[in-house]
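J.: My structure is in upload.cif, and what it holds is mmCIF, C-alpha atoms:
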```cif
data_input
loop_
_atom_site.group_PDB
_atom_site.id
_atom_site.type_symbol
_atom_site.label_atom_id
_atom_site.label_comp_id
_atom_site.auth_asym_id
_atom_site.auth_seq_id
_atom_site.Cartn_x
_atom_site.Cartn_y
_atom_site.Cartn_z
ATOM 1 C CA LYS A 24 0.000 0.000 0.000
ATOM 2 C CA GLN A 25 1.389 3.375 -1.025
ATOM 3 C CA GLU A 26 2.184 5.818 1.782
ATOM 4 C CA VAL A 27 3.138 9.451 1.284
ATOM 5 C CA THR A 28 4.949 11.497 3.917
ATOM 6 C CA GLN A 29 5.597 15.215 3.881
ATOM 7 C CA ILE A 30 8.256 16.969 5.927
ATOM 8 C CA PRO A 31 8.127 19.368 7.647
ATOM 9 C CA ALA A 32 4.538 19.418 8.872
ATOM 10 C CA ALA A 33 4.747 23.191 9.291
ATOM 11 C CA LEU A 34 7.216 25.852 8.263
ATOM 12 C CA SER A 35 7.417 29.559 9.083
ATOM 13 C CA VAL A 36 9.850 31.771 7.198
ATOM 14 C CA PRO A 37 10.447 35.472 6.626
ATOM 15 C CA GLU A 38 9.552 36.969 3.278
ATOM 16 C CA GLY A 39 12.211 36.610 0.601
ATOM 17 C CA GLU A 40 13.637 33.282 1.738
ATOM 18 C CA ASN A 41 14.098 30.340 -0.600
ATOM 19 C CA LEU A 42 12.601 27.173 0.830
ATOM 20 C CA VAL A 43 12.242 23.462 0.175
ATOM 21 C CA LEU A 44 9.307 21.196 0.959
ATOM 22 C CA ASN A 45 9.867 17.450 0.996
ATOM 23 C CA CYS A 46 7.699 14.540 -0.033
ATOM 24 C CA SER A 47 8.543 10.840 0.142
ATOM 25 C CA PHE A 48 6.605 7.802 -1.023
ATOM 26 C CA THR A 49 7.050 4.118 -0.295
ATOM 27 C CA ASP A 50 6.216 2.524 -3.657
ATOM 28 C CA SER A 51 8.303 3.803 -6.545
ATOM 29 C CA ALA A 52 5.922 2.352 -9.152
ATOM 30 C CA ILE A 53 4.129 5.604 -9.955
ATOM 31 C CA TYR A 54 2.655 7.232 -13.035
ATOM 32 C CA ASN A 55 3.125 10.781 -11.826
ATOM 33 C CA LEU A 56 3.425 13.041 -8.821
ATOM 34 C CA GLN A 57 1.392 16.189 -8.353
ATOM 35 C CA TRP A 58 1.932 19.158 -6.029
ATOM 36 C CA PHE A 59 -1.113 21.110 -4.878
ATOM 37 C CA ARG A 60 -1.747 24.240 -2.886
ATOM 38 C CA GLN A 61 -4.720 24.562 -0.525
ATOM 39 C CA ASP A 62 -5.816 27.835 1.033
ATOM 40 C CA PRO A 63 -7.845 27.674 4.286
ATOM 41 C CA GLY A 64 -11.375 26.395 3.681
ATOM 42 C CA LYS A 65 -10.779 26.055 -0.044
ATOM 43 C CA GLY A 66 -10.194 23.314 -2.558
ATOM 44 C CA LEU A 67 -6.898 22.263 -4.076
ATOM 45 C CA THR A 68 -5.083 24.153 -6.802
ATOM 46 C CA SER A 69 -2.711 22.119 -8.948
ATOM 47 C CA LEU A 70 0.776 23.631 -9.029
ATOM 48 C CA LEU A 71 2.941 21.137 -10.880
ATOM 49 C CA LEU A 72 2.642 17.629 -12.249
ATOM 50 C CA ILE A 73 5.749 15.528 -12.874
ATOM 51 C CA GLN A 74 5.457 12.420 -15.022
ATOM 52 C CA SER A 75 7.392 9.367 -13.859
ATOM 53 C CA SER A 76 9.810 9.769 -16.777
ATOM 54 C CA GLN A 77 10.640 13.373 -15.845
ATOM 55 C CA ARG A 78 13.144 14.716 -13.332
ATOM 56 C CA GLU A 79 11.688 18.165 -12.740
ATOM 57 C CA GLN A 80 9.054 20.723 -13.646
ATOM 58 C CA THR A 81 9.148 24.491 -13.276
ATOM 59 C CA SER A 82 6.455 27.128 -13.078
ATOM 60 C CA GLY A 83 7.457 30.663 -12.207
ATOM 61 C CA ARG A 84 9.100 30.664 -8.775
ATOM 62 C CA LEU A 85 8.251 26.997 -8.235
ATOM 63 C CA ASN A 86 10.441 24.047 -9.130
ATOM 64 C CA ALA A 87 9.543 20.455 -8.374
ATOM 65 C CA SER A 88 11.966 17.571 -8.683
ATOM 66 C CA LEU A 89 11.364 13.847 -8.719
ATOM 67 C CA ASP A 90 13.719 10.997 -7.845
ATOM 68 C CA LYS A 91 11.490 8.011 -8.454
ATOM 69 C CA SER A 92 14.023 5.354 -7.525
ATOM 70 C CA SER A 93 14.535 6.800 -4.058
ATOM 71 C CA GLY A 94 10.867 7.711 -3.627
ATOM 72 C CA ARG A 95 11.403 11.428 -3.130
ATOM 73 C CA SER A 96 10.192 14.732 -4.477
ATOM 74 C CA THR A 97 10.986 18.288 -3.460
ATOM 75 C CA LEU A 98 9.135 21.527 -4.089
ATOM 76 C CA TYR A 99 11.439 24.519 -4.203
ATOM 77 C CA ILE A 100 9.909 27.969 -3.739
ATOM 78 C CA ALA A 101 12.161 30.889 -4.600
ATOM 79 C CA ALA A 102 11.914 34.336 -3.045
ATOM 80 C CA SER A 103 8.906 33.475 -0.884
ATOM 81 C CA GLN A 104 6.068 35.974 -0.457
ATOM 82 C CA PRO A 105 3.270 36.297 2.134
ATOM 83 C CA GLY A 106 0.841 35.237 -0.602
ATOM 84 C CA ASP A 107 2.585 31.864 -0.709
ATOM 85 C CA SER A 108 1.184 31.064 2.740
ATOM 86 C CA ALA A 109 -0.974 27.951 2.367
ATOM 87 C CA THR A 110 -0.904 24.204 2.845
ATOM 88 C CA TYR A 111 1.111 22.374 0.214
ATOM 89 C CA LEU A 112 0.088 18.827 -0.618
ATOM 90 C CA CYS A 113 1.966 16.137 -2.476
ATOM 91 C CA ALA A 114 0.082 13.308 -4.189
ATOM 92 C CA VAL A 115 1.242 10.307 -6.181
ATOM 93 C CA ARG A 116 -0.637 8.272 -8.744
ATOM 94 C CA GLY A 117 0.265 4.609 -8.648
ATOM 95 C CA ALA A 118 1.098 2.677 -11.779
ATOM 96 C CA GLY A 119 -1.591 0.128 -11.011
ATOM 97 C CA GLY A 120 -3.031 -0.199 -14.459
ATOM 98 C CA THR A 121 -6.045 2.030 -13.939
ATOM 99 C CA SER A 122 -6.944 4.600 -16.559
ATOM 100 C CA TYR A 123 -8.109 7.182 -14.011
ATOM 101 C CA GLY A 124 -6.130 9.274 -11.543
ATOM 102 C CA LYS A 125 -6.358 7.558 -8.159
ATOM 103 C CA LEU A 126 -4.112 9.671 -5.968
ATOM 104 C CA THR A 127 -2.526 8.982 -2.583
ATOM 105 C CA PHE A 128 -1.958 12.181 -0.624
ATOM 106 C CA GLY A 129 0.458 13.251 2.053
ATOM 107 C CA GLN A 130 -0.748 15.189 5.075
ATOM 108 C CA GLY A 131 0.671 18.427 3.774
ATOM 109 C CA THR A 132 3.090 21.123 4.869
ATOM 110 C CA ILE A 133 1.568 24.272 6.351
ATOM 111 C CA LEU A 134 3.657 27.201 5.111
ATOM 112 C CA THR A 135 3.559 30.651 6.684
ATOM 113 C CA VAL A 136 5.554 33.464 5.099
ATOM 114 C CA HIS A 137 5.619 36.531 7.312
ATOM 115 C CA PRO A 138 6.424 40.044 6.102
ATOM 116 C CA GLU B 18 -15.824 30.681 -13.008
ATOM 117 C CA THR B 19 -13.765 27.770 -11.762
ATOM 118 C CA GLY B 20 -13.589 24.596 -13.826
ATOM 119 C CA VAL B 21 -15.129 22.484 -11.053
ATOM 120 C CA THR B 22 -18.048 23.927 -9.090
ATOM 121 C CA GLN B 23 -19.414 22.451 -5.885
ATOM 122 C CA THR B 24 -22.637 23.348 -4.087
ATOM 123 C CA PRO B 25 -23.445 24.060 -1.383
ATOM 124 C CA ARG B 26 -20.249 25.525 0.087
ATOM 125 C CA HIS B 27 -21.420 24.824 3.618
ATOM 126 C CA LEU B 28 -23.982 22.344 4.942
ATOM 127 C CA VAL B 29 -25.168 21.638 8.456
ATOM 128 C CA MET B 30 -27.392 18.617 8.872
ATOM 129 C CA GLY B 31 -28.823 16.489 11.619
ATOM 130 C CA MET B 32 -28.157 12.794 11.840
ATOM 131 C CA THR B 33 -31.613 11.925 10.516
ATOM 132 C CA ASN B 34 -31.577 14.301 7.536
ATOM 133 C CA LYS B 35 -31.129 13.468 3.870
ATOM 134 C CA LYS B 36 -29.150 15.889 1.742
ATOM 135 C CA SER B 37 -27.129 15.873 -1.478
ATOM 136 C CA LEU B 38 -23.864 17.449 -2.535
ATOM 137 C CA LYS B 39 -23.521 18.549 -6.130
ATOM 138 C CA CYS B 40 -20.481 18.852 -8.359
ATOM 139 C CA GLU B 41 -20.325 20.168 -11.912
ATOM 140 C CA GLN B 42 -17.266 20.342 -14.145
ATOM 141 C CA HIS B 43 -16.884 22.552 -17.205
ATOM 142 C CA LEU B 44 -13.573 21.124 -18.413
ATOM 143 C CA GLY B 45 -14.789 18.403 -20.746
ATOM 144 C CA HIS B 46 -13.315 15.712 -18.504
ATOM 145 C CA ASN B 47 -14.568 12.148 -18.419
ATOM 146 C CA ALA B 48 -13.561 11.039 -14.926
ATOM 147 C CA MET B 49 -14.908 12.440 -11.653
ATOM 148 C CA TYR B 50 -13.978 11.798 -8.036
ATOM 149 C CA TRP B 51 -15.188 12.335 -4.479
ATOM 150 C CA TYR B 52 -12.530 12.858 -1.808
ATOM 151 C CA LYS B 53 -12.985 13.379 1.934
ATOM 152 C CA GLN B 54 -10.701 15.663 3.927
ATOM 153 C CA SER B 55 -10.919 15.306 7.694
ATOM 154 C CA ALA B 56 -8.929 17.319 10.193
ATOM 155 C CA LYS B 57 -5.339 16.110 10.591
ATOM 156 C CA LYS B 58 -5.764 13.282 8.062
ATOM 157 C CA PRO B 59 -4.678 12.996 4.417
ATOM 158 C CA LEU B 60 -7.302 13.284 1.729
ATOM 159 C CA GLU B 61 -9.126 10.002 1.313
ATOM 160 C CA LEU B 62 -10.516 8.811 -1.999
ATOM 161 C CA MET B 63 -14.179 7.795 -1.719
ATOM 162 C CA PHE B 64 -15.506 7.149 -5.216
ATOM 163 C CA VAL B 65 -14.349 7.336 -8.823
ATOM 164 C CA TYR B 66 -16.485 7.497 -11.938
ATOM 165 C CA SER B 67 -14.739 6.891 -15.228
ATOM 166 C CA LEU B 68 -16.753 7.363 -18.411
ATOM 167 C CA GLU B 69 -19.882 7.590 -16.201
ATOM 168 C CA GLU B 70 -19.278 4.164 -14.696
ATOM 169 C CA ARG B 71 -18.360 3.749 -11.026
ATOM 170 C CA VAL B 72 -14.939 2.141 -11.010
ATOM 171 C CA GLU B 73 -13.876 2.656 -7.421
ATOM 172 C CA ASN B 74 -15.698 2.433 -4.112
ATOM 173 C CA ASN B 75 -13.099 2.765 -1.422
ATOM 174 C CA SER B 76 -14.889 0.911 1.399
ATOM 175 C CA VAL B 77 -17.221 3.833 1.956
ATOM 176 C CA PRO B 78 -20.257 3.276 4.261
ATOM 177 C CA SER B 79 -23.592 2.904 2.504
ATOM 178 C CA ARG B 80 -24.881 6.113 4.104
ATOM 179 C CA PHE B 81 -22.893 7.806 1.305
ATOM 180 C CA SER B 82 -24.381 7.148 -2.138
ATOM 181 C CA PRO B 83 -22.825 8.624 -5.285
ATOM 182 C CA GLU B 84 -24.582 9.318 -8.556
ATOM 183 C CA CYS B 85 -23.117 10.337 -11.912
ATOM 184 C CA PRO B 86 -25.952 11.064 -14.383
ATOM 185 C CA ASN B 87 -23.568 12.336 -17.086
ATOM 186 C CA SER B 88 -19.908 13.178 -17.542
ATOM 187 C CA SER B 89 -20.347 16.749 -16.260
ATOM 188 C CA HIS B 90 -22.277 16.117 -13.052
ATOM 189 C CA LEU B 91 -21.601 14.175 -9.886
ATOM 190 C CA PHE B 92 -23.712 13.931 -6.760
ATOM 191 C CA LEU B 93 -23.132 12.560 -3.280
ATOM 192 C CA HIS B 94 -26.363 11.633 -1.519
ATOM 193 C CA LEU B 95 -26.174 11.624 2.266
ATOM 194 C CA HIS B 96 -28.491 9.992 4.789
ATOM 195 C CA THR B 97 -28.348 9.092 8.491
ATOM 196 C CA LEU B 98 -24.828 10.463 8.837
ATOM 197 C CA GLN B 99 -22.723 10.380 11.990
ATOM 198 C CA PRO B 100 -20.889 13.308 13.630
ATOM 199 C CA GLU B 101 -17.559 11.779 12.545
ATOM 200 C CA ASP B 102 -18.656 12.297 8.926
ATOM 201 C CA SER B 103 -18.146 16.025 9.411
ATOM 202 C CA ALA B 104 -15.419 17.000 6.955
ATOM 203 C CA LEU B 105 -14.609 18.881 3.769
ATOM 204 C CA TYR B 106 -15.883 16.921 0.761
ATOM 205 C CA LEU B 107 -13.962 17.622 -2.389
ATOM 206 C CA CYS B 108 -14.953 16.832 -5.949
ATOM 207 C CA ALA B 109 -12.360 16.513 -8.693
ATOM 208 C CA SER B 110 -12.279 15.750 -12.384
ATOM 209 C CA SER B 111 -9.712 14.673 -14.932
ATOM 210 C CA GLN B 112 -9.348 13.281 -18.377
ATOM 211 C CA VAL B 113 -9.034 9.491 -18.422
ATOM 212 C CA GLY B 114 -5.342 8.772 -18.840
ATOM 213 C CA ASN B 115 -2.265 10.340 -17.321
ATOM 214 C CA SER B 116 -3.625 13.832 -16.712
ATOM 215 C CA PRO B 117 -3.791 16.056 -13.612
ATOM 216 C CA LEU B 118 -6.799 16.258 -11.332
ATOM 217 C CA HIS B 119 -8.688 19.525 -10.986
ATOM 218 C CA PHE B 120 -10.497 20.129 -7.707
ATOM 219 C CA GLY B 121 -13.516 22.160 -6.680
ATOM 220 C CA ASN B 122 -13.603 24.333 -3.555
ATOM 221 C CA GLY B 123 -15.390 21.678 -1.559
ATOM 222 C CA THR B 124 -18.455 21.447 0.652
ATOM 223 C CA ARG B 125 -17.837 21.893 4.377
ATOM 224 C CA LEU B 126 -20.224 19.418 6.026
ATOM 225 C CA THR B 127 -21.114 19.530 9.705
ATOM 226 C CA VAL B 128 -23.242 16.745 11.163
ATOM 227 C CA THR B 129 -24.925 17.631 14.443
#
```
Is it possible to express this structure as structure tokens?
T.:
Amino acid sequence: KQEVTQIPAALSVPEGENLVLNCSFTDSAIYNLQWFRQDPGKGLTSLLLIQSSQREQTSGRLNASLDKSSGRSTLYIAASQPGDSATYLCAVRGAGGTSYGKLTFGQGTILTVHP
Amino acid sequence: ETGVTQTPRHLVMGMTNKKSLKCEQHLGHNAMYWYKQSAKKPLELMFVYSLEERVENNSVPSRFSPECPNSSHLFLHLHTLQPEDSALYLCASSQVGNSPLHFGNGTRLTVT
């Protein structure tokens, strides 16, 4: 059974810092890995999706890497801003032969960026 | 307008009530999902509909009953719920295949 762990559980940083969020998963047989952002009381916003054949994806100040063999992914946020404050969730889709996106989620990292 | 719309945003119901959650997607996707998010727990997959056929029922109690009348709409019918069913219920959609999931803003359910 796939398990996804995110470290740290919470992180508080001053504005302008570069930071790294970590995600690990126990079963390396995955189709893809997706990073989401969730604001309080809201749904999830997809940030980046990395296919199993890829090593990284970039979008603006965000960069996500994937090391499938070691079961790890990192989300790098450059020059953090107060607007980046949210919960960041990592989810993996197992390569179980299904045609739909059954995701296993981590518990998330709560990020606070203070001015 | 977001691609996935859920109504209502908030719902308070007694244990003997019957209510329904609604989800509508405007993205042309052909797979839809119900997830449950409880406090301090990871999101849990409840149901998956692929091409309007239920393909996953993740050991969900029968007091939760999904319905997918077409590829754009998904419902979750609720009856005789328990207080521990209080949670944020999230709907998502995707294209069948290796594509990302898109989530709605959820329905915050409180069972009293």
J.: Report as CSV: every residue of chain A with an atom at most 8 Å from chain B, its closest pair of atoms, and their distance in Å to one decimal, counting all atoms listed in the file, with rows sorted by chain and ascending residue number.
T.:
```
residue,atom,partner,partner_atom,distance
A:Tyr54,CA,B:Asn115,CA,7.2
A:Asn55,CA,B:Asn115,CA,7.7
A:Gln57,CA,B:Pro117,CA,7.4
A:Gly64,CA,B:Asn122,CA,7.8
A:Lys65,CA,B:Asn122,CA,4.8
A:Gly66,CA,B:Asn122,CA,3.7
A:Leu67,CA,B:Phe120,CA,5.5
A:Thr68,CA,B:Phe120,CA,6.8
A:Ser69,CA,B:His119,CA,6.8
A:Leu72,CA,B:Pro117,CA,6.8
A:Ser122,CA,B:Gly114,CA,5.0
A:Tyr123,CA,B:Val113,CA,5.1
A:Gly124,CA,B:Leu118,CA,7.0
A:Lys125,CA,B:Leu62,CA,7.5
A:Leu126,CA,B:Leu62,CA,7.6
A:Thr127,CA,B:Glu61,CA,7.7
A:Phe128,CA,B:Pro59,CA,5.8
A:Gly129,CA,B:Pro59,CA,5.7
A:Gln130,CA,B:Pro59,CA,4.5
A:Gly131,CA,B:Pro59,CA,7.6
```
J.: For CA of Ala118 in chain A and CA of Ile53 in chain A, quote the distance in Å rounded to one decimal.
T.: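 Atom-to-atom, CA of Ala118 in chain A and CA of Ile53 in chain A are spaced 4.6 Å apart.
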J.: Using the chain letters and numbering of this document, enumerate as a list in words the residues selected by the PyMOL selection byres ((chain A and resi 111) around 6).
T.: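 Taken on the displayed file, the PyMOL selection byres ((chain A and resi 111) around 6) yields the residues Phe59, Arg60, Thr110, Leu112, Gly131 and Thr132 of chain A.
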J.: Mind checking which residues fall within 10 Å of range 79-85 of chain A, counting all atoms listed in the file, ignoring those fewer than 2 positions away in the same chain, and posting them as a list in words?
T.: Asn41, Val43, Leu70, Leu71, Leu72, Ile73, Gln74, Ser75, Ser76, Gln77, Ala87, Ser88, Leu89, Asp90, Ser96, Thr97, Leu98, Tyr99, Ile100, Ala101, Ala102 and Ser103 of chain A
J.: Once 4 Å is added on each side, what centre and edge lengths in Å to one decimal does the axis-aligned box around all listed atoms of range 98-102 of chain A have, as AutoDock Vina command-line options?
T.:
```
--center_x 10.6 --center_y 27.9 --center_z -3.8 --size_x 11.0 --size_y 20.8 --size_z 9.6
```
J.: Give me the residues near Ser47 in chain A as a list in words, where near means some atom within 10 Å (using only C-alpha atoms) and where sequence neighbours in that chain fewer than 4 positions away do not count.
T.: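 The residues that qualify are Glu26, Val27, Thr28, Gln29, Ile30, Ser51, Leu89, Asp90, Lys91, Ser93, Gly94, Arg95, Ser96, Thr97, Cys113, Ala114, Val115 and Gly129 of chain A.
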J.: Considering only C-alpha atoms, return as a ChimeraX atom specification whatever protein or nucleic-acid residues lie within 12 Å of Arg80 in chain B, sequence-local ones (same chain, fewer than 3 positions apart) excluded.
T.: /B:32-37,76-77,83,93-99,102
J.: Kindly give the distance, in Å, that separates CA of Ala109 in chain A and CA of Ser103 in chain B, rounded to a single decimal.
T.: 22.1 Å
